[in-house]
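Visitor: Sharing entry_16.pdb, PDB, C-alpha atoms:
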```pdb
ATOM      1  CA  SER A   1      52.556  24.830  62.130  1.00  0.00           C
ATOM      2  CA  ARG A   2      55.953  26.461  61.479  1.00  0.00           C
ATOM      3  CA  PRO A   3      56.625  27.218  65.192  1.00  0.00           C
ATOM      4  CA  THR A   4      55.895  23.563  66.026  1.00  0.00           C
ATOM      5  CA  VAL A   5      58.288  22.303  63.336  1.00  0.00           C
ATOM      6  CA  GLU A   6      60.997  24.777  64.413  1.00  0.00           C
ATOM      7  CA  LYS A   7      60.648  23.706  68.043  1.00  0.00           C
ATOM      8  CA  THR A   8      60.859  20.032  67.045  1.00  0.00           C
ATOM      9  CA  VAL A   9      63.983  20.293  64.873  1.00  0.00           C
ATOM     10  CA  ARG A  10      65.840  23.012  66.835  1.00  0.00           C
ATOM     11  CA  GLY A  11      67.944  20.444  68.729  1.00  0.00           C
ATOM     12  CA  VAL A  12      68.782  18.246  65.719  1.00  0.00           C
ATOM     13  CA  PRO A  13      72.533  18.331  64.964  1.00  0.00           C
ATOM     14  CA  ILE A  14      73.535  19.260  61.416  1.00  0.00           C
ATOM     15  CA  GLU A  15      76.980  19.125  59.834  1.00  0.00           C
ATOM     16  CA  ILE A  16      78.387  22.205  58.127  1.00  0.00           C
ATOM     17  CA  ALA A  17      81.684  22.831  56.341  1.00  0.00           C
ATOM     18  CA  ALA A  18      83.487  26.008  55.322  1.00  0.00           C
ATOM     19  CA  GLU A  19      84.965  26.374  51.852  1.00  0.00           C
ATOM     20  CA  LEU A  20      88.129  28.410  52.173  1.00  0.00           C
ATOM     21  CA  GLY A  21      88.750  28.382  48.418  1.00  0.00           C
ATOM     22  CA  THR A  22      89.046  26.121  45.413  1.00  0.00           C
ATOM     23  CA  ALA A  23      91.907  24.817  43.312  1.00  0.00           C
ATOM     24  CA  ARG A  24      92.208  22.912  40.081  1.00  0.00           C
ATOM     25  CA  ILE A  25      95.037  20.397  39.863  1.00  0.00           C
ATOM     26  CA  ARG A  26      95.779  17.440  37.624  1.00  0.00           C
ATOM     27  CA  LEU A  27      95.044  13.936  38.859  1.00  0.00           C
ATOM     28  CA  ARG A  28      98.764  13.156  38.647  1.00  0.00           C
ATOM     29  CA  GLN A  29      99.498  16.042  41.046  1.00  0.00           C
ATOM     30  CA  LEU A  30      96.803  14.786  43.422  1.00  0.00           C
ATOM     31  CA  LEU A  31      98.276  11.288  43.456  1.00  0.00           C
ATOM     32  CA  ASP A  32     101.780  12.687  44.089  1.00  0.00           C
ATOM     33  CA  LEU A  33     100.797  14.858  47.080  1.00  0.00           C
ATOM     34  CA  GLN A  34     102.920  14.367  50.190  1.00  0.00           C
ATOM     35  CA  ALA A  35     102.566  15.617  53.758  1.00  0.00           C
ATOM     36  CA  GLY A  36     103.643  19.263  53.797  1.00  0.00           C
ATOM     37  CA  ASP A  37     102.771  19.987  50.148  1.00  0.00           C
ATOM     38  CA  VAL A  38     100.778  23.171  49.575  1.00  0.00           C
ATOM     39  CA  ILE A  39      97.888  23.577  47.137  1.00  0.00           C
ATOM     40  CA  PRO A  40      97.334  27.244  46.234  1.00  0.00           C
ATOM     41  CA  LEU A  41      93.687  28.291  46.489  1.00  0.00           C
ATOM     42  CA  ASP A  42      91.867  30.904  44.424  1.00  0.00           C
ATOM     43  CA  ALA A  43      90.739  32.776  47.557  1.00  0.00           C
ATOM     44  CA  ARG A  44      92.593  35.803  48.861  1.00  0.00           C
ATOM     45  CA  LEU A  45      93.561  36.474  52.458  1.00  0.00           C
ATOM     46  CA  GLY A  46      90.714  38.214  54.266  1.00  0.00           C
ATOM     47  CA  GLN A  47      88.122  37.097  51.726  1.00  0.00           C
ATOM     48  CA  PRO A  48      85.007  35.616  53.363  1.00  0.00           C
ATOM     49  CA  ALA A  49      84.642  31.837  53.379  1.00  0.00           C
ATOM     50  CA  VAL A  50      81.467  30.265  51.991  1.00  0.00           C
ATOM     51  CA  VAL A  51      79.577  28.012  54.405  1.00  0.00           C
ATOM     52  CA  PRO A  52      77.328  25.510  52.636  1.00  0.00           C
ATOM     53  CA  VAL A  53      74.521  23.776  54.523  1.00  0.00           C
ATOM     54  CA  GLN A  54      73.214  20.564  52.999  1.00  0.00           C
ATOM     55  CA  GLY A  55      75.462  21.285  50.002  1.00  0.00           C
ATOM     56  CA  LYS A  56      73.994  24.719  49.219  1.00  0.00           C
ATOM     57  CA  PRO A  57      75.770  28.014  50.029  1.00  0.00           C
ATOM     58  CA  LYS A  58      74.006  29.530  53.052  1.00  0.00           C
ATOM     59  CA  PHE A  59      76.428  31.914  54.808  1.00  0.00           C
ATOM     60  CA  THR A  60      79.601  33.866  54.246  1.00  0.00           C
ATOM     61  CA  ALA A  61      81.945  33.999  57.203  1.00  0.00           C
ATOM     62  CA  HIS A  62      85.336  35.264  58.329  1.00  0.00           C
ATOM     63  CA  VAL A  63      87.888  32.724  59.517  1.00  0.00           C
ATOM     64  CA  GLY A  64      89.424  33.394  62.913  1.00  0.00           C
ATOM     65  CA  ARG A  65      90.667  31.747  66.081  1.00  0.00           C
ATOM     66  CA  ILE A  66      88.874  30.663  69.219  1.00  0.00           C
ATOM     67  CA  GLY A  67      91.688  29.783  71.595  1.00  0.00           C
ATOM     68  CA  ASN A  68      93.742  27.061  69.882  1.00  0.00           C
ATOM     69  CA  ARG A  69      91.032  26.234  67.347  1.00  0.00           C
ATOM     70  CA  LEU A  70      89.877  27.807  64.111  1.00  0.00           C
ATOM     71  CA  GLY A  71      86.403  29.274  64.022  1.00  0.00           C
ATOM     72  CA  LEU A  72      84.036  31.161  61.752  1.00  0.00           C
ATOM     73  CA  GLN A  73      82.227  34.415  62.370  1.00  0.00           C
ATOM     74  CA  VAL A  74      79.103  34.622  60.227  1.00  0.00           C
ATOM     75  CA  ALA A  75      79.303  37.744  58.065  1.00  0.00           C
ATOM     76  CA  ASP A  76      76.145  37.412  55.983  1.00  0.00           C
ATOM     77  CA  VAL A  77      73.238  35.113  55.194  1.00  0.00           C
ATOM     78  CA  MET A  78      73.130  34.335  51.490  1.00  0.00           C
ATOM     79  CA  SER A  79      69.810  34.588  49.697  1.00  0.00           C
ATOM     80  CA  ASN A  80      68.464  31.468  48.017  1.00  0.00           C
TER      81      ASN A  80
END
```
What would the structure in this file look like if it were written as structure tokens?

Guide:
Amino acid sequence: SRPTVEKTVRGVPIEIAAELGTARIRLRQLLDLQAGDVIPLDARLGQPAVVPVQGKPKFTAHVGRIGNRLGLQVADVMSN
């Protein structure tokens, strides 16, 4: 049954997002943000990004460039 399910859902699009880091700021700071402001993140340069799928961490990846766009190279599959 699993091969049938995999074949059926293989073409279904799914949205993913990459978390480059987190930050904690006060609501007042959030409301005062202007274009060009920078929010420091807790992540370090070169540290893998976490890629959640359906809200749960699934992959770690390295951020890079594909032409003029940013892209992710999957580094590892996270265990559940």

Visitor: To verify the selection step, state as a PyMOL selection string which residues the PyMOL selection byres ((chain A and resi 21) around 10) yields on this input.

Guide: chain A and resi 18-20+22-23+40-44+47-50

Visitor: Please, what distance in Å, to one decimal, runs between atom CA of A:Pro13 and atom CA of A:Ile66?

Guide: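 Between atom CA of A:Pro13 and atom CA of A:Ile66 the gap is 20.9 Å.
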
Visitor: Between atom CA of A:Pro3 and atom CA of A:Val77, what is the distance, to one decimal in Å?

Guide: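 Those two atoms sit 20.9 Å apart.
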
Visitor: With distances taken over only C-alpha atoms, which residue among A:Ala17, A:Gln73, A:Gly36, A:Arg26 lies nearest A:Lys56?

Guide: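 So, comparing all the options, the nearest one is A:Ala17.
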
Visitor: Using all atoms listed in the file, which residue out of A:Gln29, A:Ile14, A:Arg24, A:Phe59 lies closest to A:Ser79?

Guide: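 Closest residue, counting all atoms listed in the file: A:Phe59.
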
Visitor: Can you take the partial stretch 3-30 of chain A, add N, CA and C atoms, and return it as an mmCIF file, keeping the file's coordinate frame?

Guide:
```
data_model
loop_
_atom_site.group_PDB
_atom_site.id
_atom_site.type_symbol
_atom_site.label_atom_id
_atom_site.label_comp_id
_atom_site.auth_asym_id
_atom_site.auth_seq_id
_atom_site.Cartn_x
_atom_site.Cartn_y
_atom_site.Cartn_z
ATOM 1 N N PRO A 3 56.013 27.211 63.852
ATOM 2 C CA PRO A 3 56.625 27.218 65.192
ATOM 3 C C PRO A 3 56.777 25.814 65.779
ATOM 4 N N THR A 4 55.825 24.931 65.522
ATOM 5 C CA THR A 4 55.895 23.563 66.026
ATOM 6 C C THR A 4 57.060 22.815 65.379
ATOM 7 N N VAL A 5 57.190 22.970 64.058
ATOM 8 C CA VAL A 5 58.288 22.303 63.336
ATOM 9 C C VAL A 5 59.634 22.846 63.821
ATOM 10 N N GLU A 6 59.750 24.185 63.939
ATOM 11 C CA GLU A 6 60.997 24.777 64.413
ATOM 12 C C GLU A 6 61.364 24.278 65.799
ATOM 13 N N LYS A 7 60.400 24.188 66.677
ATOM 14 C CA LYS A 7 60.648 23.706 68.043
ATOM 15 C C LYS A 7 61.113 22.252 68.016
ATOM 16 N N THR A 8 60.536 21.451 67.133
ATOM 17 C CA THR A 8 60.859 20.032 67.045
ATOM 18 C C THR A 8 62.274 19.808 66.524
ATOM 19 N N VAL A 9 62.686 20.553 65.501
ATOM 20 C CA VAL A 9 63.983 20.293 64.873
ATOM 21 C C VAL A 9 65.115 21.155 65.430
ATOM 22 N N ARG A 10 64.825 22.085 66.322
ATOM 23 C CA ARG A 10 65.840 23.012 66.835
ATOM 24 C C ARG A 10 67.043 22.283 67.433
ATOM 25 N N GLY A 11 66.846 21.161 68.080
ATOM 26 C CA GLY A 11 67.944 20.444 68.729
ATOM 27 C C GLY A 11 68.613 19.390 67.860
ATOM 28 N N VAL A 12 68.209 19.262 66.599
ATOM 29 C CA VAL A 12 68.782 18.246 65.719
ATOM 30 C C VAL A 12 70.153 18.719 65.225
ATOM 31 N N PRO A 13 71.203 17.918 65.435
ATOM 32 C CA PRO A 13 72.533 18.331 64.964
ATOM 33 C C PRO A 13 72.608 18.278 63.441
ATOM 34 N N ILE A 14 73.338 19.220 62.863
ATOM 35 C CA ILE A 14 73.535 19.260 61.416
ATOM 36 C C ILE A 14 75.008 19.561 61.157
ATOM 37 N N GLU A 15 75.565 18.933 60.146
ATOM 38 C CA GLU A 15 76.980 19.125 59.834
ATOM 39 C C GLU A 15 77.140 20.247 58.815
ATOM 40 N N ILE A 16 78.078 21.147 59.081
ATOM 41 C CA ILE A 16 78.387 22.205 58.127
ATOM 42 C C ILE A 16 79.881 22.177 57.844
ATOM 43 N N ALA A 17 80.266 22.748 56.718
ATOM 44 C CA ALA A 17 81.684 22.831 56.341
ATOM 45 C C ALA A 17 81.927 24.214 55.760
ATOM 46 N N ALA A 18 83.140 24.705 55.889
ATOM 47 C CA ALA A 18 83.487 26.008 55.322
ATOM 48 C C ALA A 18 84.415 25.802 54.139
ATOM 49 N N GLU A 19 84.107 26.425 53.027
ATOM 50 C CA GLU A 19 84.965 26.374 51.852
ATOM 51 C C GLU A 19 85.894 27.578 51.882
ATOM 52 N N LEU A 20 87.165 27.328 52.092
ATOM 53 C CA LEU A 20 88.129 28.410 52.173
ATOM 54 C C LEU A 20 88.589 28.864 50.795
ATOM 55 N N GLY A 21 88.367 28.058 49.785
ATOM 56 C CA GLY A 21 88.750 28.382 48.418
ATOM 57 C C GLY A 21 88.737 27.122 47.585
ATOM 58 N N THR A 22 89.013 27.278 46.307
ATOM 59 C CA THR A 22 89.046 26.121 45.413
ATOM 60 C C THR A 22 90.363 26.117 44.651
ATOM 61 N N ALA A 23 90.698 24.966 44.120
ATOM 62 C CA ALA A 23 91.907 24.817 43.312
ATOM 63 C C ALA A 23 91.631 23.766 42.248
ATOM 64 N N ARG A 24 92.312 23.902 41.143
ATOM 65 C CA ARG A 24 92.208 22.912 40.081
ATOM 66 C C ARG A 24 93.610 22.355 39.856
ATOM 67 N N ILE A 25 93.750 21.048 40.080
ATOM 68 C CA ILE A 25 95.037 20.397 39.863
ATOM 69 C C ILE A 25 94.808 19.147 39.023
ATOM 70 N N ARG A 26 95.867 18.666 38.433
ATOM 71 C CA ARG A 26 95.779 17.440 37.624
ATOM 72 C C ARG A 26 95.751 16.221 38.553
ATOM 73 N N LEU A 27 95.135 15.170 38.082
ATOM 74 C CA LEU A 27 95.044 13.936 38.859
ATOM 75 C C LEU A 27 96.437 13.446 39.257
ATOM 76 N N ARG A 28 97.396 13.577 38.352
ATOM 77 C CA ARG A 28 98.764 13.156 38.647
ATOM 78 C C ARG A 28 99.314 13.917 39.860
ATOM 79 N N GLN A 29 99.050 15.237 39.912
ATOM 80 C CA GLN A 29 99.498 16.042 41.046
ATOM 81 C C GLN A 29 98.824 15.571 42.332
ATOM 82 N N LEU A 30 97.540 15.267 42.257
ATOM 83 C CA LEU A 30 96.803 14.786 43.422
ATOM 84 C C LEU A 30 97.407 13.495 43.948
#
```
